[in-house]
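Here is data.txt, consisting of compact mmCIF, C-alpha atoms:
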```
# COMPACT_ATOMS: atom_id res chain seq x y z
CA MET A 1 0.00 0.00 0.00
CA ASN A 2 1.03 3.61 -0.34
CA THR A 3 3.28 4.60 2.49
CA GLN A 4 2.26 8.26 2.36
CA VAL A 5 -0.41 9.23 4.86
CA GLN A 6 -3.72 9.79 3.15
CA VAL A 7 -6.30 12.11 4.65
CA TRP A 8 -9.34 11.06 2.64
CA PRO A 9 -10.21 8.09 4.90
CA ASP A 10 -10.45 10.47 7.86
CA ARG A 11 -12.63 12.88 5.88
CA LEU A 12 -14.81 9.94 4.86
CA PHE A 13 -15.12 8.81 8.47
CA GLU A 14 -16.20 12.31 9.54
CA THR A 15 -18.78 12.37 6.75
CA LEU A 16 -20.23 9.07 7.96
CA LYS A 17 -20.37 10.39 11.51
CA ARG A 18 -22.14 13.56 10.39
CA GLY A 19 -24.49 11.41 8.34
CA GLY A 20 -25.60 9.56 11.48
CA ILE A 21 -24.12 6.15 10.56
CA ARG A 22 -24.25 3.92 13.66
CA GLN A 23 -23.36 0.49 12.30
CA VAL A 24 -20.49 -0.28 9.96
CA GLY A 25 -20.12 -3.78 8.54
CA TYR A 26 -16.89 -4.79 6.83
CA VAL A 27 -14.67 -7.58 5.69
CA PRO A 28 -11.10 -6.52 6.45
CA ASP A 29 -9.61 -4.71 3.46
CA ALA A 30 -6.34 -2.83 2.97
CA GLY A 31 -8.02 0.02 1.09
CA HIS A 32 -10.48 0.58 3.94
CA ALA A 33 -7.92 -0.04 6.70
CA ARG A 34 -7.81 3.49 8.08
CA LEU A 35 -11.59 3.94 7.94
CA ILE A 36 -12.12 0.61 9.71
CA GLU A 37 -9.61 1.65 12.37
CA ARG A 38 -11.52 4.90 12.97
CA CYS A 39 -14.85 3.04 13.19
CA ARG A 40 -13.42 0.54 15.66
CA ALA A 41 -12.15 3.35 17.87
CA ASP A 42 -15.47 5.22 17.87
CA GLU A 43 -17.80 4.56 20.78
CA GLU A 44 -20.98 5.54 18.94
CA ILE A 45 -20.40 3.19 16.03
CA HIS A 46 -20.95 -0.55 16.16
CA ASP A 47 -18.16 -1.95 14.01
CA VAL A 48 -19.18 -5.37 12.80
CA ALA A 49 -16.52 -7.58 11.24
CA LEU A 50 -18.20 -9.96 8.80
CA THR A 51 -17.19 -13.36 7.45
CA THR A 52 -18.67 -12.50 4.06
CA GLU A 53 -20.10 -9.31 2.59
CA GLU A 54 -23.64 -10.61 2.19
CA GLU A 55 -23.92 -10.67 5.98
CA GLY A 56 -23.51 -6.90 5.84
CA VAL A 57 -26.47 -6.51 3.48
CA ALA A 58 -28.68 -8.32 6.00
CA LEU A 59 -27.11 -6.41 8.91
CA ALA A 60 -27.95 -3.08 7.26
CA ALA A 61 -31.56 -4.20 6.76
CA GLY A 62 -31.82 -5.14 10.44
CA ALA A 63 -30.29 -1.83 11.48
CA TRP A 64 -32.88 0.10 9.47
CA LEU A 65 -35.73 -1.99 10.90
CA GLY A 66 -34.45 -0.84 14.27
CA GLY A 67 -34.11 2.80 13.22
CA GLU A 68 -30.36 2.98 12.67
CA ARG A 69 -28.28 3.83 9.63
CA ALA A 70 -25.58 1.41 8.53
CA ALA A 71 -22.78 1.44 5.99
CA LEU A 72 -21.07 -1.52 4.35
CA LEU A 73 -17.40 -1.50 3.38
CA MET A 74 -16.03 -3.99 0.91
CA GLN A 75 -13.63 -4.74 -1.88
CA SER A 76 -14.91 -5.17 -5.43
CA SER A 77 -14.66 -8.96 -5.11
CA GLY A 78 -17.10 -8.76 -2.17
CA LEU A 79 -19.89 -7.32 -4.30
CA GLY A 80 -20.29 -10.68 -5.98
CA ASN A 81 -20.97 -12.23 -2.59
CA CYS A 82 -23.88 -9.83 -2.03
CA ILE A 83 -26.01 -10.30 -5.12
CA ASN A 84 -28.78 -12.59 -3.91
CA MET A 85 -29.02 -10.86 -0.53
CA LEU A 86 -29.64 -7.60 -2.39
CA SER A 87 -33.06 -9.11 -3.19
CA LEU A 88 -33.91 -8.38 0.45
CA THR A 89 -32.81 -4.78 0.02
CA ARG A 90 -34.74 -4.32 -3.21
CA THR A 91 -37.92 -6.18 -2.28
CA CYS A 92 -38.33 -4.31 0.99
CA ARG A 93 -36.77 -1.05 -0.26
CA PHE A 94 -34.17 -0.93 2.48
CA PRO A 95 -31.58 1.82 2.26
CA LEU A 96 -28.08 0.49 1.60
CA LEU A 97 -24.89 2.51 1.53
CA MET A 98 -21.81 0.73 0.21
CA PHE A 99 -18.21 1.82 -0.13
CA ILE A 100 -16.34 -0.38 -2.56
CA THR A 101 -12.58 -0.30 -3.05
CA MET A 102 -11.59 -1.44 -6.51
CA ARG A 103 -9.27 -4.25 -7.42
CA GLY A 104 -8.46 -5.57 -10.83
CA GLU A 105 -8.72 -2.35 -12.81
CA TRP A 106 -5.35 -0.57 -12.59
CA GLU A 107 -1.82 -1.91 -12.11
CA GLU A 108 -3.27 -5.13 -10.74
CA PHE A 109 -0.67 -7.78 -10.06
CA ASN A 110 -3.22 -10.51 -9.29
CA PRO A 111 -5.24 -11.58 -12.35
CA TRP A 112 -7.76 -13.39 -10.15
CA GLN A 113 -9.09 -9.96 -9.10
CA VAL A 114 -9.96 -8.98 -12.67
CA PRO A 115 -13.15 -10.96 -13.46
CA MET A 116 -15.22 -9.51 -10.61
CA GLY A 117 -13.54 -6.12 -10.69
CA SER A 118 -14.45 -5.71 -14.36
CA ILE A 119 -18.20 -6.20 -13.80
CA VAL A 120 -18.76 -4.11 -10.67
CA ASP A 121 -20.48 -1.22 -12.44
CA PRO A 122 -22.95 -3.28 -14.53
CA VAL A 123 -23.77 -5.52 -11.56
CA LEU A 124 -24.57 -2.52 -9.39
CA LYS A 125 -26.73 -1.00 -12.12
CA LEU A 126 -28.61 -4.28 -12.59
CA CYS A 127 -29.28 -4.21 -8.84
CA GLU A 128 -30.74 -0.70 -9.15
CA ALA A 129 -27.93 0.95 -7.24
CA GLU A 130 -26.81 4.51 -7.80
CA VAL A 131 -23.11 4.40 -8.60
CA TYR A 132 -20.71 7.17 -7.67
CA ARG A 133 -17.14 6.74 -8.85
CA VAL A 134 -14.33 8.55 -7.07
CA ARG A 135 -10.88 8.91 -8.67
CA THR A 136 -9.16 11.62 -6.62
CA PRO A 137 -8.82 12.15 -2.85
CA ASP A 138 -10.53 15.55 -3.00
CA GLU A 139 -13.77 14.02 -4.29
CA VAL A 140 -14.23 11.42 -1.56
CA ALA A 141 -15.97 13.29 1.25
CA GLY A 142 -18.28 15.32 -0.98
CA THR A 143 -19.34 12.26 -2.94
CA ALA A 144 -19.93 10.31 0.26
CA GLU A 145 -22.15 13.09 1.54
CA ARG A 146 -24.27 12.98 -1.60
CA ALA A 147 -24.51 9.20 -1.31
CA VAL A 148 -25.65 9.40 2.33
CA GLN A 149 -28.34 11.89 1.34
CA HIS A 150 -29.49 9.76 -1.58
CA VAL A 151 -29.62 6.50 0.38
CA PHE A 152 -31.34 7.64 3.55
CA GLY A 153 -33.34 10.47 2.05
CA GLY A 154 -35.34 8.05 -0.04
CA GLU A 155 -34.48 4.47 0.97
CA HIS A 156 -32.25 3.80 -2.02
CA ILE A 157 -29.17 1.70 -2.75
CA ALA A 158 -25.94 3.51 -3.55
CA ALA A 159 -22.33 2.51 -3.96
CA VAL A 160 -19.36 4.82 -3.78
CA ILE A 161 -16.63 3.22 -5.86
CA LEU A 162 -13.14 4.10 -4.69
CA SER A 163 -10.99 3.52 -7.76
CA GLN A 164 -7.71 1.65 -7.64
CA GLN A 165 -5.74 4.77 -8.58
CA LEU A 166 -7.04 6.38 -5.40
CA ILE A 167 -6.27 3.40 -3.18
CA GLY A 168 -2.85 2.75 -4.66
CA LYS A 169 -1.50 -0.52 -5.89
CA LYS A 170 -0.84 -3.41 -3.57
CA VAL A 171 2.83 -4.04 -2.86
CA TRP A 172 3.65 -7.73 -3.26
CA THR A 173 7.13 -7.85 -1.80
CA LYS A 174 7.76 -7.19 1.86
CA MET B 1 -40.59 -38.12 20.49
CA SER B 2 -39.57 -34.79 18.98
CA LEU B 3 -41.49 -31.59 19.39
CA GLU B 4 -44.23 -30.43 17.04
CA ARG B 5 -43.21 -27.22 15.29
CA ARG B 6 -46.43 -25.21 15.55
CA ALA B 7 -46.85 -25.94 19.26
CA THR B 8 -43.16 -25.11 19.79
CA MET B 9 -43.50 -21.74 18.07
CA ALA B 10 -46.67 -21.00 20.04
CA ALA B 11 -44.95 -21.89 23.32
CA LEU B 12 -41.99 -19.62 22.59
CA LEU B 13 -44.25 -16.70 21.67
CA ALA B 14 -46.82 -17.13 24.46
CA GLU B 15 -47.13 -13.88 26.45
CA ARG B 16 -44.32 -12.52 24.30
CA GLY B 17 -44.48 -8.95 25.58
CA GLY B 18 -44.29 -5.76 23.54
CA ASP B 19 -40.51 -5.69 23.68
CA LEU B 20 -40.04 -8.93 21.75
CA LEU B 21 -39.13 -8.46 18.09
CA LEU B 22 -39.30 -11.57 15.93
CA VAL B 23 -37.41 -12.38 12.73
CA PRO B 24 -38.59 -15.75 11.40
CA GLY B 25 -36.55 -17.34 8.62
CA LEU B 26 -38.00 -17.97 5.19
CA GLY B 27 -40.30 -20.92 4.66
CA SER B 28 -41.66 -23.05 7.46
CA THR B 29 -40.63 -20.85 10.40
CA THR B 30 -42.35 -17.87 8.78
CA TRP B 31 -45.53 -19.95 8.35
CA ASP B 32 -45.19 -21.12 11.98
CA ALA B 33 -44.87 -17.55 13.24
CA MET B 34 -47.94 -16.47 11.27
CA ALA B 35 -49.88 -19.50 12.55
CA ALA B 36 -49.04 -18.45 16.13
CA GLY B 37 -50.78 -15.12 15.47
CA ASP B 38 -49.90 -12.18 13.25
CA ASN B 39 -47.99 -9.38 14.94
CA ASP B 40 -46.66 -6.06 13.65
CA ARG B 41 -43.41 -6.79 15.49
CA ASN B 42 -42.73 -9.81 13.26
CA PHE B 43 -40.53 -9.23 10.23
CA TYR B 44 -41.44 -12.25 8.13
CA LEU B 45 -38.96 -13.41 5.53
CA TRP B 46 -40.00 -14.82 2.16
CA GLY B 47 -36.42 -14.86 0.93
CA ALA B 48 -32.96 -13.70 2.08
CA MET B 49 -31.93 -17.31 2.80
CA GLY B 50 -28.94 -17.29 5.13
CA GLY B 51 -29.68 -13.74 6.28
CA ALA B 52 -32.13 -14.13 9.17
CA ALA B 53 -29.54 -14.17 11.96
CA MET B 54 -27.74 -11.12 10.54
CA ILE B 55 -30.99 -9.16 10.23
CA GLY B 56 -31.46 -10.05 13.89
CA LEU B 57 -27.98 -8.79 14.74
CA GLY B 58 -28.49 -5.42 13.04
CA LEU B 59 -31.83 -5.05 14.77
CA ALA B 60 -30.45 -6.09 18.17
CA LEU B 61 -27.62 -3.56 17.96
CA ALA B 62 -30.07 -0.83 16.95
CA GLN B 63 -32.62 -1.70 19.66
CA PRO B 64 -30.63 -2.66 22.77
CA LYS B 65 -33.62 -2.26 25.07
CA ARG B 66 -35.76 -4.78 23.20
CA ARG B 67 -35.32 -8.54 22.88
CA VAL B 68 -34.67 -9.72 19.34
CA VAL B 69 -35.50 -13.34 18.56
CA VAL B 70 -34.57 -15.02 15.31
CA ILE B 71 -36.38 -18.31 14.76
CA THR B 72 -35.24 -20.10 11.65
CA GLY B 73 -34.66 -23.54 10.16
CA ASP B 74 -31.58 -25.75 9.87
CA GLY B 75 -31.33 -25.24 6.11
CA GLU B 76 -31.56 -21.45 6.48
CA ILE B 77 -28.85 -21.20 9.15
CA LEU B 78 -26.59 -23.60 7.23
CA MET B 79 -26.55 -21.11 4.36
CA GLY B 80 -25.31 -18.38 6.71
CA LEU B 81 -23.20 -20.36 9.16
CA GLY B 82 -20.60 -17.57 9.18
CA SER B 83 -23.17 -15.28 10.77
CA LEU B 84 -22.86 -17.31 13.98
CA ALA B 85 -19.16 -16.42 14.02
CA THR B 86 -20.03 -12.77 13.46
CA ILE B 87 -22.64 -12.85 16.24
CA GLY B 88 -20.17 -14.73 18.46
CA ILE B 89 -17.78 -11.80 18.49
CA GLN B 90 -20.51 -9.14 18.87
CA LYS B 91 -22.48 -10.94 21.59
CA PRO B 92 -25.41 -8.56 22.00
CA GLY B 93 -27.19 -9.51 25.22
CA ASN B 94 -30.62 -8.98 23.67
CA LEU B 95 -30.31 -11.45 20.78
CA ALA B 96 -31.50 -15.05 20.63
CA VAL B 97 -31.04 -17.29 17.60
CA ILE B 98 -33.27 -20.35 17.71
CA VAL B 99 -33.07 -23.04 15.05
CA PHE B 100 -35.93 -25.44 14.42
CA ASP B 101 -33.94 -28.48 13.32
CA ASN B 102 -35.87 -31.21 11.54
CA GLY B 103 -32.92 -32.33 9.44
CA VAL B 104 -34.68 -31.68 6.13
CA TYR B 105 -35.39 -28.96 3.59
CA GLY B 106 -39.17 -28.83 4.00
CA GLU B 107 -40.02 -26.32 1.29
CA THR B 108 -38.25 -28.19 -1.47
CA GLY B 109 -39.41 -31.73 -0.85
CA MET B 110 -37.93 -32.90 2.45
CA GLN B 111 -34.41 -33.57 1.19
CA PRO B 112 -31.90 -34.25 4.00
CA SER B 113 -29.91 -31.33 5.36
CA HIS B 114 -26.36 -31.54 6.73
CA THR B 115 -27.71 -31.80 10.29
CA GLN B 116 -29.17 -35.20 9.46
CA ASN B 117 -25.70 -36.37 8.49
CA GLY B 118 -23.61 -35.44 11.46
CA VAL B 119 -23.33 -31.64 11.44
CA GLY B 120 -24.07 -30.36 14.95
CA LEU B 121 -25.36 -26.80 15.12
CA VAL B 122 -24.93 -26.50 18.89
CA GLY B 123 -21.26 -27.40 18.54
CA VAL B 124 -20.88 -24.79 15.80
CA ALA B 125 -22.49 -22.09 17.94
CA GLU B 126 -20.33 -23.02 20.94
CA ALA B 127 -17.19 -22.96 18.80
CA CYS B 128 -18.22 -19.48 17.61
CA GLY B 129 -18.00 -18.23 21.19
CA ILE B 130 -21.69 -18.09 22.09
CA LYS B 131 -21.76 -19.06 25.76
CA MET B 132 -25.40 -19.89 26.27
CA CYS B 133 -26.11 -22.70 23.83
CA LEU B 134 -29.03 -25.03 24.40
CA ASP B 135 -29.91 -28.31 22.76
CA VAL B 136 -33.66 -28.65 23.17
CA ARG B 137 -35.07 -32.14 22.66
CA ASP B 138 -38.21 -32.37 24.77
CA GLN B 139 -40.93 -30.41 26.52
CA GLY B 140 -38.74 -29.82 29.57
CA GLY B 141 -36.02 -28.29 27.43
CA LEU B 142 -38.58 -26.15 25.62
CA ASP B 143 -40.00 -24.85 28.91
CA ASP B 144 -36.46 -23.95 29.99
CA LEU B 145 -35.79 -22.13 26.70
CA ALA B 146 -39.08 -20.20 26.95
CA ARG B 147 -38.18 -19.16 30.50
CA ARG B 148 -34.70 -17.99 29.49
CA LEU B 149 -36.17 -16.04 26.59
CA LYS B 150 -38.38 -14.07 28.99
CA SER B 151 -35.36 -12.73 30.88
CA LEU B 152 -32.85 -12.63 28.02
CA ARG B 153 -29.61 -10.98 29.14
CA GLU B 154 -26.89 -12.67 27.09
CA THR B 155 -26.65 -13.92 23.53
CA LEU B 156 -28.51 -17.19 23.31
CA PHE B 157 -28.39 -19.93 20.72
CA ALA B 158 -30.79 -22.85 20.80
CA ARG B 159 -31.27 -25.78 18.52
CA VAL B 160 -34.73 -27.27 18.92
CA VAL B 161 -35.23 -30.78 17.57
CA ILE B 162 -38.61 -30.82 15.85
CA ALA B 163 -40.49 -33.48 13.94
CA ALA B 164 -40.17 -33.52 10.14
CA GLU B 165 -43.79 -32.74 9.31
CA GLU B 166 -45.54 -30.33 6.99
CA PRO B 167 -48.47 -28.59 8.64
CA PRO B 168 -50.66 -26.49 6.30
CA ARG B 169 -49.02 -23.23 5.24
CA VAL B 170 -50.29 -20.09 6.93
CA LEU B 171 -49.12 -17.23 4.76
CA PRO B 172 -48.41 -13.72 6.07
CA LEU B 173 -48.24 -10.50 4.12
CA ARG B 174 -45.85 -10.80 1.17
CA ASP B 175 -45.23 -7.13 0.44
CA GLY B 176 -41.73 -6.45 1.79
CA VAL B 177 -42.14 -2.68 1.91
CA ALA B 178 -45.39 -3.00 3.88
CA LEU B 179 -43.77 -5.49 6.30
CA LYS B 180 -40.88 -3.11 6.87
CA GLU B 181 -43.08 -0.06 7.34
CA ARG B 182 -45.48 -1.69 9.78
CA PHE B 183 -42.59 -3.14 11.81
CA ARG B 184 -40.88 0.25 12.13
CA ALA B 185 -44.15 2.00 12.97
CA ALA B 186 -44.92 -0.63 15.64
CA ILE B 187 -41.70 0.16 17.51
CA GLY B 188 -42.13 3.88 17.20
CA ILE B 189 -39.72 4.78 14.42
CA LYS B 190 -40.78 7.80 12.43
CA PRO B 191 -40.83 7.35 8.65
```

Represent the supplied structure as structure tokens.
Amino acid sequence: MNTQVQVWPDRLFETLKRGGIRQVGYVPDAGHARLIERCRADEEIHDVALTTEEEGVALAAGAWLGGERAALLMQSSGLGNCINMLSLTRTCRFPLLMFITMRGEWEEFNPWQVPMGSIVDPVLKLCEAEVYRVRTPDEVAGTAERAVQHVFGGEHIAAVILSQQLIGKKVWTK
Amino acid sequence: MSLERRATMAALLAERGGDLLLVPGLGSTTWDAMAAGDNDRNFYLWGAMGGAAMIGLGLALAQPKRRVVVITGDGEILMGLGSLATIGIQKPGNLAVIVFDNGVYGETGMQPSHTQNGVGLVGVAEACGIKMCLDVRDQGGLDDLARRLKSLRETLFARVVIAAEEPPRVLPLRDGVALKERFRAAIGIKP
């Protein structure tokens, strides 16, 4: 991962806090590492480590039934694990806010990341999600704010795609 | 002599109290819950196989002052076995996950499930770190479970051995949006 300190994850965390997010489900991910760390350290937020991303789709539905807002953090490969569970979201019109870090689209060393990474956008559109793509650090917080408004203002599904250029390429030698 | 599913559901929901929120898993447990009496605080599932326990977790975290009870089948929990691991590290004191285990997939023609062939759900739940795990096999065990449910204070998992039978379906509302809205309204959440 990039060794330089990035500020966008902190801005994103503050946006989620301002947006009233109280549950954050995630499968550990290098691109979301800082954001996950901030969520874990926050007393108001229930950070819920998942074994697979589809658990997070059901978690977010339960949170909304109970009057809380949730967010789901995942890597592009995790979206594939969510597809059938998104039927719950769509049938019941649950709000769902996803932040997806991309793999397999830019300077990807691991070809096994490419098949799912290459179909993230069409899959999301087929699942009736609003897709916001972010390429530069400056766009992250503002885009996240719009996504929060869209999702919870009208019980919609939205995904903020954090592109691989933004995350930085994975370093394979240690 | 294993327990009869409709009577078991009715026993668990008798005098349920306004603070009990129920998430029944898709298929038979949803029909059982409806047969026990419709309630706005039931969020019936017609799909989302493997998701019942996680819906319960999200709800339990959001509503710490209410008891959240997930009652689902062996096939449904097998599809989301990882959720027991996720619940095992969260351990909300107001969440109970109860599995009606008849060892078969009732909705699809009574094909055997893994539990009929040696997979033990109580052992899985224990290994996931859930401390209160019950294996309910008779009326005495059911009475004990019902009593513990009334004063739920720690995460509870129970496997209830039920007979493989197919009582007539009792179908609840199918409209997911309506189910969601009436549930939220019943617990006082503004639209």

Checklist line | Distance filter 10 Å, only C-alpha atoms, chain B against chain A, as a ChimeraX atom specification | finding: /B:21,23,43,45-64,66,80-87,89-90,174-185,187-191

Item checked: For CA of Thr29 (chain B) and CA of Pro172 (chain B), the interatomic separation in Å (one decimal) -> 11.4 Å

Next item on the list: Have a look at A:Trp106, A:Glu43, A:Asp29, A:Gly142 and name the one nearest to Ser77 (chain A); count all atoms listed in the file.
Entry: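 Nearest candidate to Ser77 (chain A) out of A:Trp106, A:Glu43, A:Asp29, A:Gly142: A:Asp29.
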
Margin query: Let me make sure I understand: among B:Ala96, B:Gly37, B:Val124, B:Gly17, which one has the smallest atom-to-atom distance to Leu78 (chain B) if we use all atoms listed in the file?
Written below: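 Ranked by minimum distance to Leu78 (chain B), first place goes to B:Val124.
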
Margin query: So, with all atoms listed in the file as the atoms that count, which of B:Val136, B:Val160, B:Ala125, B:Leu3 lies closest to Ile71 (chain B)?
Written below: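 Using all atoms listed in the file, the shortest distance to Ile71 (chain B) belongs to B:Val160.
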
Next item on the list: Rank B:Leu134, B:Leu173, B:Ala186, B:Leu156 by their smallest atom-to-atom distance to Gly93 (chain B), using only C-alpha atoms, and report the top residue only.
Entry: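 Ranked by minimum distance to Gly93 (chain B), first place goes to B:Leu156.
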
Item checked: Within 10 Å of file point (-9.3, 8.2, 4.4), counting only C-alpha atoms, expressed as a list in words ->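 The residues that fall inside the cut-off are Val5, Gln6, Val7, Trp8, Pro9, Asp10, Arg11, Leu12, Phe13, Glu14, Gly31, His32, Ala33, Arg34, Leu35, Ile36, Arg38, Pro137, Val140, Ala141 and Ile167 of chain A.
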
Next item on the list: Counting all atoms listed in the file, write as a VMD selection string all protein and nucleic acid residues lying at most 7 Å from (-45.4, -12.3, 10.1) in the file's frame.
Entry: chain B and resid 30 33 to 34 38 to 39 42 to 44 172 to 173

Note to self: Restricting the calculation to all atoms listed in the file: of B:Val104, B:Ile130, B:Val99, B:Leu152, which residue gets closest to Lys65 (chain B)?
What the structure shows: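 Among B:Val104, B:Ile130, B:Val99, B:Leu152, it is B:Leu152 that comes nearest to Lys65 (chain B).
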
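Atom to atom, CA of Glu15 (chain B) and CA of Glu76 (chain B) stand 26.4 Å apart.
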
Check: When you draw a straight line from CA of Ser113 (chain B) to CA of Asp144 (chain B), how long is it in Å?
Finding: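 If I compute the distance from CA of Ser113 (chain B) to CA of Asp144 (chain B), I get 26.5 Å.
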
Mind completing region 36-61 of chain B with N, CA and C atoms? Output as a PDB file, in the frame of the given file, please?
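Final output, selection21.pdb:
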```pdb
ATOM      1  N   ALA B  36     -48.971 -18.752  14.690  1.00  0.00           N
ATOM      2  CA  ALA B  36     -49.040 -18.450  16.130  1.00  0.00           C
ATOM      3  C   ALA B  36     -49.776 -17.134  16.388  1.00  0.00           C
ATOM      4  N   GLY B  37     -50.059 -16.385  15.316  1.00  0.00           N
ATOM      5  CA  GLY B  37     -50.780 -15.120  15.470  1.00  0.00           C
ATOM      6  C   GLY B  37     -49.976 -13.980  14.860  1.00  0.00           C
ATOM      7  N   ASP B  38     -50.607 -13.274  13.917  1.00  0.00           N
ATOM      8  CA  ASP B  38     -49.900 -12.180  13.250  1.00  0.00           C
ATOM      9  C   ASP B  38     -49.562 -11.093  14.264  1.00  0.00           C
ATOM     10  N   ASN B  39     -48.427 -10.421  14.023  1.00  0.00           N
ATOM     11  CA  ASN B  39     -47.990  -9.380  14.940  1.00  0.00           C
ATOM     12  C   ASN B  39     -47.152  -8.376  14.156  1.00  0.00           C
ATOM     13  N   ASP B  40     -47.410  -7.090  14.374  1.00  0.00           N
ATOM     14  CA  ASP B  40     -46.660  -6.060  13.650  1.00  0.00           C
ATOM     15  C   ASP B  40     -45.164  -6.097  13.968  1.00  0.00           C
ATOM     16  N   ARG B  41     -44.824  -6.715  15.095  1.00  0.00           N
ATOM     17  CA  ARG B  41     -43.410  -6.790  15.490  1.00  0.00           C
ATOM     18  C   ARG B  41     -42.730  -8.055  14.956  1.00  0.00           C
ATOM     19  N   ASN B  42     -43.365  -8.706  13.986  1.00  0.00           N
ATOM     20  CA  ASN B  42     -42.730  -9.810  13.260  1.00  0.00           C
ATOM     21  C   ASN B  42     -42.247  -9.280  11.915  1.00  0.00           C
ATOM     22  N   PHE B  43     -40.995  -9.559  11.574  1.00  0.00           N
ATOM     23  CA  PHE B  43     -40.530  -9.230  10.230  1.00  0.00           C
ATOM     24  C   PHE B  43     -40.350 -10.546   9.479  1.00  0.00           C
ATOM     25  N   TYR B  44     -41.443 -10.965   8.846  1.00  0.00           N
ATOM     26  CA  TYR B  44     -41.440 -12.250   8.130  1.00  0.00           C
ATOM     27  C   TYR B  44     -40.503 -12.208   6.939  1.00  0.00           C
ATOM     28  N   LEU B  45     -39.816 -13.311   6.721  1.00  0.00           N
ATOM     29  CA  LEU B  45     -38.960 -13.410   5.530  1.00  0.00           C
ATOM     30  C   LEU B  45     -39.575 -14.391   4.538  1.00  0.00           C
ATOM     31  N   TRP B  46     -39.573 -13.962   3.291  1.00  0.00           N
ATOM     32  CA  TRP B  46     -40.000 -14.820   2.160  1.00  0.00           C
ATOM     33  C   TRP B  46     -38.796 -15.144   1.288  1.00  0.00           C
ATOM     34  N   GLY B  47     -37.643 -14.656   1.692  1.00  0.00           N
ATOM     35  CA  GLY B  47     -36.420 -14.860   0.930  1.00  0.00           C
ATOM     36  C   GLY B  47     -35.240 -14.597   1.846  1.00  0.00           C
ATOM     37  N   ALA B  48     -34.140 -14.044   1.277  1.00  0.00           N
ATOM     38  CA  ALA B  48     -32.960 -13.700   2.080  1.00  0.00           C
ATOM     39  C   ALA B  48     -32.403 -14.913   2.820  1.00  0.00           C
ATOM     40  N   MET B  49     -32.401 -16.074   2.149  1.00  0.00           N
ATOM     41  CA  MET B  49     -31.930 -17.310   2.800  1.00  0.00           C
ATOM     42  C   MET B  49     -30.490 -17.149   3.262  1.00  0.00           C
ATOM     43  N   GLY B  50     -30.263 -17.465   4.525  1.00  0.00           N
ATOM     44  CA  GLY B  50     -28.940 -17.290   5.130  1.00  0.00           C
ATOM     45  C   GLY B  50     -28.785 -15.944   5.821  1.00  0.00           C
ATOM     46  N   GLY B  51     -29.800 -15.107   5.743  1.00  0.00           N
ATOM     47  CA  GLY B  51     -29.680 -13.740   6.280  1.00  0.00           C
ATOM     48  C   GLY B  51     -30.440 -13.468   7.568  1.00  0.00           C
ATOM     49  N   ALA B  52     -31.250 -14.416   8.024  1.00  0.00           N
ATOM     50  CA  ALA B  52     -32.130 -14.130   9.170  1.00  0.00           C
ATOM     51  C   ALA B  52     -31.340 -13.715  10.415  1.00  0.00           C
ATOM     52  N   ALA B  53     -30.292 -14.462  10.731  1.00  0.00           N
ATOM     53  CA  ALA B  53     -29.540 -14.170  11.960  1.00  0.00           C
ATOM     54  C   ALA B  53     -28.862 -12.796  11.875  1.00  0.00           C
ATOM     55  N   MET B  54     -28.402 -12.425  10.677  1.00  0.00           N
ATOM     56  CA  MET B  54     -27.740 -11.120  10.540  1.00  0.00           C
ATOM     57  C   MET B  54     -28.748  -9.965  10.587  1.00  0.00           C
ATOM     58  N   ILE B  55     -29.952 -10.179  10.074  1.00  0.00           N
ATOM     59  CA  ILE B  55     -30.990  -9.160  10.230  1.00  0.00           C
ATOM     60  C   ILE B  55     -31.240  -8.978  11.729  1.00  0.00           C
ATOM     61  N   GLY B  56     -31.278 -10.097  12.434  1.00  0.00           N
ATOM     62  CA  GLY B  56     -31.460 -10.050  13.890  1.00  0.00           C
ATOM     63  C   GLY B  56     -30.343  -9.298  14.582  1.00  0.00           C
ATOM     64  N   LEU B  57     -29.118  -9.491  14.125  1.00  0.00           N
ATOM     65  CA  LEU B  57     -27.980  -8.790  14.740  1.00  0.00           C
ATOM     66  C   LEU B  57     -28.084  -7.283  14.535  1.00  0.00           C
ATOM     67  N   GLY B  58     -28.357  -6.859  13.306  1.00  0.00           N
ATOM     68  CA  GLY B  58     -28.490  -5.420  13.040  1.00  0.00           C
ATOM     69  C   GLY B  58     -29.587  -4.796  13.876  1.00  0.00           C
ATOM     70  N   LEU B  59     -30.686  -5.523  13.992  1.00  0.00           N
ATOM     71  CA  LEU B  59     -31.830  -5.050  14.770  1.00  0.00           C
ATOM     72  C   LEU B  59     -31.486  -5.002  16.267  1.00  0.00           C
ATOM     73  N   ALA B  60     -30.803  -6.034  16.745  1.00  0.00           N
ATOM     74  CA  ALA B  60     -30.450  -6.090  18.170  1.00  0.00           C
ATOM     75  C   ALA B  60     -29.498  -4.959  18.559  1.00  0.00           C
ATOM     76  N   LEU B  61     -28.557  -4.654  17.668  1.00  0.00           N
ATOM     77  CA  LEU B  61     -27.620  -3.560  17.960  1.00  0.00           C
ATOM     78  C   LEU B  61     -28.346  -2.211  17.944  1.00  0.00           C
TER      79      LEU B  61
END
```
